[in-house]
Amino acid sequence: MELNLTRVDYMQVGVTSPRTMKLLPEKKHKAPQRVAVADQTGVLQCFNMKKGEAQVAFKTLPGTKITRVELGGALGSPSDKVFIATGSEVRGFTKKGKQFLGYDTNLTESIKTMWVSGSHLFLGGNYIFNHYIDCKDEDYYLCSDRINDVLCLPMDRIQEVTPVLACQDRVLRVLNKSNMLYEFEVTGPPQSLALFSEEGGSQISVTINNQTIVVYLNRTTPSLRWGVPNDKRLGGILCMDNFDMSGDGIEDLIVGRDDGTIEVFGYDEADEPIPKLVCESISSLQGGVVASQGYEEIVACTYAGWIQGLTTEPQQKKAGPGDMVPLGADTQNKLSTLKSEIDTLQAKVLQERDKYHIAAMSDKAISAVPQFDVNDKFSLNRDDASYILSIEVKAAIDNVLLQSDVPIDLLDTEKNSAVVSYSSCDTENGNFLLATYRCQANTTRLELKIRSIEGQYGTLQAYITPRLQPKTCQVRQYKIKPLSLHQRTHVLDDTRPMNTLKLTGQFSLAEIHSWVSYCLPEIPERTPPGDSINFYFLSTFLDTQLDCLYKKGEGTFRSDNISTISILKDVLSKEATRRKINLNISYELEENSIPDTLRRIHPKLEYQLLLAKKVQLIDALKELQIHEGGGLDFMSPEYRQILEESETLKDEYKKQPCHLERLYGMITDLFIDKFKFKGTM
Amino acid sequence: MLVPVFTLKLNHKINPRMVTVGKYDGIHPNLTAATTAGKVFIHNPHSRNLSGGRASELSLDSDISLLSINKGISAVAAGSLDPVGVSDMLLVGTQTDLLAYDVQNNTDVFYKEAPDGVNAIAIGKLGSIDSKLAISGGNCALQGYDIEGNDLFWTVTGDNVCSLALSDFAGEGISELIVGSEDYDIRVFREDEIIAEMTETEAITALCPMTAGRFGYALANGTVGVYNKTSRYWRIKSKNQAVSIHSFDLNGDGVDELITGWTNGKIDARSDRTGEVVFKDNMSSSVAGIVEGDYRSNGNTELICCSVEGEVKGFLPATQEQKGNLMDVNIEQEKVREMSQRKQNLLLELKNYEENAKMGIIPANTQLQTSLSIRLDAEGQEPHVDLFVCTTNDTVLRAVLIFAEGIFEGESHVVHPNLNQLNNTLHVPIYPPKDVPVDLHIKAFVGCKSSTQFHVFELTRQLPRFSMYTPCTEQVPEPKSSVTFTVNERVQRIVLWINQHFLLNNELTCDGDLNAGFMSLRGSGPIFIQMKSGGQVTLRTDDMDLAGTSSRQ
């Protein structure tokens with residue numbers, strides 16, 4: 001499958017939320033479609049392209065921010081009605097722009113996700129899922145963790161209404177009315193869902209943070225079809241669509257990521273071209289026809305509101321010999337209108353600037369600049385147990401100051417081109433890291449990699465200054481939790497010997513829940529329903545496990561890694577003391593657990609040591625190769641193999657810097673913690 | 001615009017900055033570079049006749065011959081030393097010696113001990129010296145040898161030499177030697193006289209002569225720029241480091257562009273005037289060197305880029321016909337995009353003024369005040385220059401960022417006080433390591449204690465050259481050493497100069513003869529500036545570096 005795509009810019013709207021752009025269907029096959037897009041200023045607009053110019057068909061007035069756009073219509077007819085979710089309200093517009101529906105759901109949570117099918121409306125808030133038929137409340141489900149996406153299996157195939165929820169706690173929940181049919185566990189928190197219909201059931205593409213899997217679901221059995229691991233370390237996925245780009249009659253899966261890459265996968269084969277867009281995260285995309293009849297394209301909308309097409313239409317210019325390509329007449333026009341717009345704006349801005357400066361002289365005036373939007377993400381990368389911090393602003397970023405009150409390491413990522421500078425730190429003022437990132441012109445997105453140490457917890461702060469007058473900066477805080485390298489899981493290996501930490505005292509369920517969520521990532525902020533709560537965790541670095549079971553007045557934590565228990569004990573007792581709660585702490589040290597954990601670390605350690613040794617040898621062996629001029633027969637097969645694999649070995653070594661040192665550190669901690677618990681240290 | 005014309009994989013590592021091209025037989029250019037194990041390889045695709053002596057042919061089907069130097073190589077250069085200048089000679093420098101080698105005849109031409117090491121080699125005519133010289137730069141020393149190995153030129157310079165270039169700096173038809181060294185200085189020598197000196201912000205790792213007295217330079221911190229005589233045209237800084245710079249005319253306008261090869265494998269060509277990028281390409285690993293030569297023997301000079309992994313790429317300037325097609329098809333799009341981005345920025349700014357509400361409120365008349373002074377008695381701190389920052393009301397300073405080059409470890413210094421110690425004043429201690437004037441770009445985050453959004457106040461202060469000196473308060477014995485010279489100025493002018501270049505609490509005034517004493521905060525002793533009304537100036541100090549710097553002012 002070979003795709004040749006060229007990029008075209010259409011227009012720019014305000015900052016957009018994920019999945020707020022849709023293409024309206026056209027009756028005629030491959031006829032140019034209209035684009036409906038909504039932004040965070042609350043404006044929904046619908047436009048089509050005519051001779052390279054965007055022509056707006058309708059535009060609503062600004063209001064509260066729009067979080068989702070979906071298309072709908074009566075079953076069997078084309079879905080050409082636009083539904084938008086804003087706050088707790090759902091509005092419907094015809095393709096002409098007439099509002100035919102304004103429905104206030106009176107939900108306490110604002111709507112995060114929406115799915116429309118005929119007269120059925122499915123809404124997801126943070127934790128609550130609601131199903132309406134003709135705007136009448138039908139079903140209701142309360143989730144134990146955040147709902148990331150909602151969809152409903154196609155009703156023309158499956159008679160009963162079967163909604164599917166993608167939840168933060170790594171499961172897909174399939175519902176029947178207000179009850180759960182079954183749960184299907186996936187490898188990470190699912191972010192978004194897309195439907196790919198098939199006889200009998202439905203394939204659903206699920207994106208998990210930065211990988212894609214396809215799951216086959218019906219009312220009784222789920223099965224995993226295939227998954228695409230994220231080998232290339234691309235960013236997280238925000239949106240997907242199914243559309244036949246390759247023209248082979250089968251729909252392809254298109255995926256948009258937050259680092260600006262778009263991928264196209266064939267459903268039958270997993271080989272894909274990756275057209276790279278700009279360095280802005282893609283908030284929504286869809287396949288269709290927009291610019292000119294007959295040419296399929298991927299229309300993508302970025303966070304900053306750029307709407308762009310990746311079209312199959314060749315954009316070659318008929319350039320003859322000579323220096324300059326004459327600019328097309330329409331481009332010429334476009335440029336001149338833009339220029340005049342800029343000029344008037346410039347004049348206006350100058351006027352306002354003067355006004356601002358005059359105001360600065362008076363005593364009573366205040367200067368207050370509206371908060372700019374920052375799209376940031378701080379997520380654990382499983383592969384190398386490090387955190388990725390991405391920051392995106394609508395205007396270009398001037399500089400970012402990073403400050404941390406715990407020791408952390410900043411790693412270089414190839415994706416950013418900013419000049420980093422470390423400042424000397426004064427630890428007595430709580431500064432363990434002070435670094436500035438000075439960005440090159442036109443950088444709107446910055447990605448950083450951070451390595452944390454378990455047991456060292458605190459806050460990382462980023463002061464973000466965009467290149468915008470009057471200059472302001474915004475602080476963002478990111479918690480580095482005591483057990484920062486742990487990840488939620490749903491299975492526990494019961495055969496391992498486990499150490500136990502038991503807490504008893506006068507505390508409520510909500511209190512202990514808040515302490516646990518203080519220690520561990522991926523825990524819902526809200527206390528889940530029920531009398532007792534049970535979570536399983538896996539260390540992304542050592543693959544050791546942790547079992548948390550707690551209820552009012554009692555908490556039990558079990559782990560095969562004594563260091564994990566030690567960290568938990570320290571943090572929990574500190575937290576409880578801070579709130580003046582008396583805790584009884586008891587622990588059971590399982591002697592067997594230490595050799596067991598060491599045995600678990602051993603292969604990793606051995607592998608890393610061997611890798612380090614091999615990498616060390618590469619240069620020397622290469623030198624020998626040069627000295628001896630070609631013939632390598634005298635070398636042992638082991639060395640010859642190192643030489644042959646030198647590139648892959650080096651790559652692997654580069655991928656996980658300091659891995660060995662981290663392992664050493666963890667083994668040392670294990671030793672110290674063992675004796676700490678035994679009371680001899 | 002450049003078009004790639006050939007790529008080669010040499011399967012030999014190339015040491016960074018040790019690549020050259022020599023016409024050892026007088027006709028064919030051969031790519032020559034230092035590789036691992038103390039060897040130099042010569043890529044010779046045109047003829048094959050090397051063997052015996054130092055050279056050994058790798059295998060029959062290879063175009064590469066290897067020279068064993070058997071020491072760590074530190075510099076490689078090729079050029080002709082004989083007056084006729086037909087065939088080139090290879091010069092190889094190590095940390096202990098310099099070898100001139102005739103590749104064609106496979107013999108050593110001369111071999112010189114170099115106790116100061118050889119960090120850089122330049123070949124060519126220097127000033128009025130008749131014969132061509134091979135000039136080597138080591139630790140503080142510059143030495144030039146002719147073809148017989150006679151030592152015709154010798155002088156000293158400030159620090160370890162990192163880079164050398166020969167260029168007609170003054171535009172008088174003879175070449176001067178430009179020397180970049182580890183003390184951040186670029187010095188221009190007309191034979192053994194220094195005619196210009198420019199201070200940069202890091203060690204100068206590469207220099208290259210360009211058209212009409214201009215030259216390009218690269219620093220160890222990732223800066224690349226162009227000087228026109230003593231004034232800098234432009235500079236840019238990247239997070240990667242420039243390994244090699246080369247001048248090459250790629251658009252046929254008769255003016256060379258600056259080609260830079262970076263550690264991340266990027267190659268870019270920039271206009272010598274503005275620094276604007278006119279061409280970019282990528283290698284798969286770090287660039288090791290950029291040279292030029294007619295490598296395909298068809299009369300066109302190619303730009304040849306080599307990577308550390310032994311990948312070689314040759315480029316040619318595009319012909320007229322190709323140019324049209326090579327124009328980026330997206331150029332219109334780019335233009336529209338750029339304009340739209342500008343429009344967007346203006347709209348956002350307008351919105352900022354219109355929506356004067358919500359967050360991060362501070363009184364509009366808040367001002368930021370800064371002052372520089374010398375602090376001798378701060379508790380637990382060495383004597384230093386103190387930058388005092390305060391706001392004019394009870395708003396707090398959340399953090400202060402100072403961007404300045406050459407005085408901090410990186411390019412910036414951050415002061416971020418604890419949340420419960422926030423107030424409207426901040427002291428920033430500064431320890432300038434050298435006597436250079438520095439612009440301090442100060443960014444202060446001003447707001448309230450609980451704000452999440454702050455106003456950023458930006459201003460620039462200049463730190464005077466001699467800010468690390470304080471007037472002597474008590475009697476100090478005068479230093480024994482001194483520099484004496486005569487200037488054609490009134491005493492008042494010198495007093496004015498002192499007031500501008502020192503950090504003084506009270507302006508210095510003087511009637512009659514001047515005698516001002518200053519004490520170094522770095523502990524390198526006092527300096528006395530004395531001047532008689534006749535114009536005779538005496539600088540008394542035991543710090544030779546300081547005497548030099550201050551007398552040149």
# chains A, B, ... in the order shown; residues from 1 in each chain; ligands from 1
$ select_by_dssp --residues "segment 316-498 of chain B" --states "alpha helix (DSSP H)" --output "VMD selection string"
chain B and resid 320 to 326 331 to 354 491 to 498
$ closest_residue --among "B:Ile494, B:Cys448, B:Ile178, B:Leu350" --to "Asp394 of chain B" --atoms "only C-alpha atoms"
B:Cys448
$ residues_around --residues "Ile581 of chain A" --least-positions-apart "6" --cutoff "8 Å" --atoms "only C-alpha atoms" --output "PDB file with C-alpha atoms, in the first residue's frame"
ATOM      1  CA  GLY A 505      -6.723   3.191  62.783  1.00  0.00           C
ATOM      2  CA  GLN A 506      -9.501   5.702  62.936  1.00  0.00           C
ATOM      3  CA  PHE A 507      -9.710   6.737  59.314  1.00  0.00           C
TER       4      PHE A 507
END
$ select_by_dssp --residues "segment 262-465 of chain A" --states "strand (DSSP E or B)" --output "PyMOL selection string"
chain A and resi 262-266+276+282-288+297-302+306-311+366-367+374-381+386-393+397-404+409-411+419-422+433-438+445-451+458-465
$ write_last_selection --atoms "C-alpha atoms" --output "PDB file, in the first residue's frame"
ATOM      1  CA  ILE A 262      -0.925  10.570  11.134  1.00  0.00           C
ATOM      2  CA  GLU A 263      -0.792   6.865  10.345  1.00  0.00           C
ATOM      3  CA  VAL A 264      -2.832   4.809   7.929  1.00  0.00           C
ATOM      4  CA  PHE A 265      -3.238   1.100   8.589  1.00  0.00           C
ATOM      5  CA  GLY A 266      -4.792  -1.446   6.301  1.00  0.00           C
ATOM      6  CA  LYS A 276       4.011  13.766   9.099  1.00  0.00           C
ATOM      7  CA  ILE A 282      -4.037  16.426  16.038  1.00  0.00           C
ATOM      8  CA  SER A 283      -7.324  16.685  17.855  1.00  0.00           C
ATOM      9  CA  SER A 284      -9.638  15.244  15.224  1.00  0.00           C
ATOM     10  CA  LEU A 285      -9.436  13.721  11.789  1.00  0.00           C
ATOM     11  CA  GLN A 286     -11.645  12.086   9.215  1.00  0.00           C
ATOM     12  CA  GLY A 287     -11.264  10.674   5.770  1.00  0.00           C
ATOM     13  CA  GLY A 288     -13.359  12.184   3.010  1.00  0.00           C
ATOM     14  CA  GLU A 297      -8.068  13.021   1.590  1.00  0.00           C
ATOM     15  CA  ILE A 298      -7.537  12.944   5.309  1.00  0.00           C
ATOM     16  CA  VAL A 299      -8.847  16.077   6.936  1.00  0.00           C
ATOM     17  CA  ALA A 300      -7.207  16.806  10.244  1.00  0.00           C
ATOM     18  CA  CYS A 301      -7.782  19.477  12.831  1.00  0.00           C
ATOM     19  CA  THR A 302      -4.961  20.388  15.180  1.00  0.00           C
ATOM     20  CA  TRP A 306      -5.644  24.495  11.968  1.00  0.00           C
ATOM     21  CA  ILE A 307      -7.735  22.512   9.556  1.00  0.00           C
ATOM     22  CA  GLN A 308      -5.580  20.752   7.035  1.00  0.00           C
ATOM     23  CA  GLY A 309      -6.018  18.196   4.343  1.00  0.00           C
ATOM     24  CA  LEU A 310      -3.666  15.448   3.296  1.00  0.00           C
ATOM     25  CA  THR A 311      -4.918  14.915  -0.194  1.00  0.00           C
ATOM     26  CA  ILE A 366      -4.980  46.895  37.080  1.00  0.00           C
ATOM     27  CA  SER A 367      -3.358  44.728  34.496  1.00  0.00           C
ATOM     28  CA  VAL A 374      -2.147  25.061  27.730  1.00  0.00           C
ATOM     29  CA  ASN A 375      -2.561  21.546  26.435  1.00  0.00           C
ATOM     30  CA  ASP A 376      -0.264  19.455  28.567  1.00  0.00           C
ATOM     31  CA  LYS A 377       0.197  15.808  29.343  1.00  0.00           C
ATOM     32  CA  PHE A 378       2.387  14.049  31.866  1.00  0.00           C
ATOM     33  CA  SER A 379       2.371  10.331  31.279  1.00  0.00           C
ATOM     34  CA  LEU A 380       4.387   7.273  32.162  1.00  0.00           C
ATOM     35  CA  ASN A 381       6.101   5.581  29.284  1.00  0.00           C
ATOM     36  CA  SER A 386      10.253   7.325  32.197  1.00  0.00           C
ATOM     37  CA  TYR A 387       7.735  10.137  32.119  1.00  0.00           C
ATOM     38  CA  ILE A 388       6.944  12.199  29.068  1.00  0.00           C
ATOM     39  CA  LEU A 389       5.823  15.772  29.564  1.00  0.00           C
ATOM     40  CA  SER A 390       4.326  17.463  26.549  1.00  0.00           C
ATOM     41  CA  ILE A 391       3.303  21.109  26.530  1.00  0.00           C
ATOM     42  CA  GLU A 392       1.375  22.778  23.757  1.00  0.00           C
ATOM     43  CA  VAL A 393       0.236  26.385  23.467  1.00  0.00           C
ATOM     44  CA  ILE A 397       6.449  29.238  23.103  1.00  0.00           C
ATOM     45  CA  ASP A 398       9.263  31.576  24.109  1.00  0.00           C
ATOM     46  CA  ASN A 399      10.713  29.661  27.005  1.00  0.00           C
ATOM     47  CA  VAL A 400       9.812  27.111  29.631  1.00  0.00           C
ATOM     48  CA  LEU A 401      11.295  27.022  33.111  1.00  0.00           C
ATOM     49  CA  LEU A 402      11.248  23.662  34.821  1.00  0.00           C
ATOM     50  CA  GLN A 403      11.551  23.511  38.563  1.00  0.00           C
ATOM     51  CA  SER A 404      11.386  20.441  40.731  1.00  0.00           C
ATOM     52  CA  ASP A 409      16.755  13.542  35.539  1.00  0.00           C
ATOM     53  CA  LEU A 410      15.885  15.304  32.330  1.00  0.00           C
ATOM     54  CA  LEU A 411      16.579  13.228  29.255  1.00  0.00           C
ATOM     55  CA  VAL A 419      18.170  24.900  23.788  1.00  0.00           C
ATOM     56  CA  VAL A 420      18.263  23.549  27.310  1.00  0.00           C
ATOM     57  CA  SER A 421      20.328  25.121  30.048  1.00  0.00           C
ATOM     58  CA  TYR A 422      20.706  23.864  33.592  1.00  0.00           C
ATOM     59  CA  LEU A 433      16.200  21.006  39.323  1.00  0.00           C
ATOM     60  CA  LEU A 434      16.159  24.360  37.593  1.00  0.00           C
ATOM     61  CA  ALA A 435      16.349  24.225  33.840  1.00  0.00           C
ATOM     62  CA  THR A 436      15.316  26.574  31.097  1.00  0.00           C
ATOM     63  CA  TYR A 437      14.227  25.531  27.647  1.00  0.00           C
ATOM     64  CA  ARG A 438      14.609  28.366  25.140  1.00  0.00           C
ATOM     65  CA  ARG A 445       4.775  22.149  21.172  1.00  0.00           C
ATOM     66  CA  LEU A 446       7.524  20.938  23.450  1.00  0.00           C
ATOM     67  CA  GLU A 447       8.173  17.410  24.575  1.00  0.00           C
ATOM     68  CA  LEU A 448      10.426  16.467  27.484  1.00  0.00           C
ATOM     69  CA  LYS A 449      11.424  13.205  29.014  1.00  0.00           C
ATOM     70  CA  ILE A 450      11.857  12.849  32.742  1.00  0.00           C
ATOM     71  CA  ARG A 451      13.197  10.022  34.844  1.00  0.00           C
ATOM     72  CA  GLY A 458       7.216  15.974  45.145  1.00  0.00           C
ATOM     73  CA  THR A 459       6.141  18.403  42.482  1.00  0.00           C
ATOM     74  CA  LEU A 460       7.495  19.332  39.128  1.00  0.00           C
ATOM     75  CA  GLN A 461       6.544  22.821  38.002  1.00  0.00           C
ATOM     76  CA  ALA A 462       6.682  24.210  34.511  1.00  0.00           C
ATOM     77  CA  TYR A 463       6.514  27.970  33.938  1.00  0.00           C
ATOM     78  CA  ILE A 464       5.430  28.436  30.356  1.00  0.00           C
ATOM     79  CA  THR A 465       5.958  31.788  28.641  1.00  0.00           C
TER      80      THR A 465
END
$ closest_residue --among "A:Lys676, A:Lys177, A:Lys339, A:His659" --to "Leu609 of chain A" --atoms "only C-alpha atoms"
A:His659
$ residues_around --residues "Ile14 of chain B" --least-positions-apart "6" --cutoff "6 Å" --atoms "only C-alpha atoms" --output "VMD selection string"
chain B and resid 34 to 35 308 310
$ residues_around --residues "segment 136-146 of chain B" --least-positions-apart "6" --cutoff "9 Å" --atoms "only C-alpha atoms" --output "PyMOL selection string"
chain B and resi 81-82+93+95+98+114-123+152-164+179+181
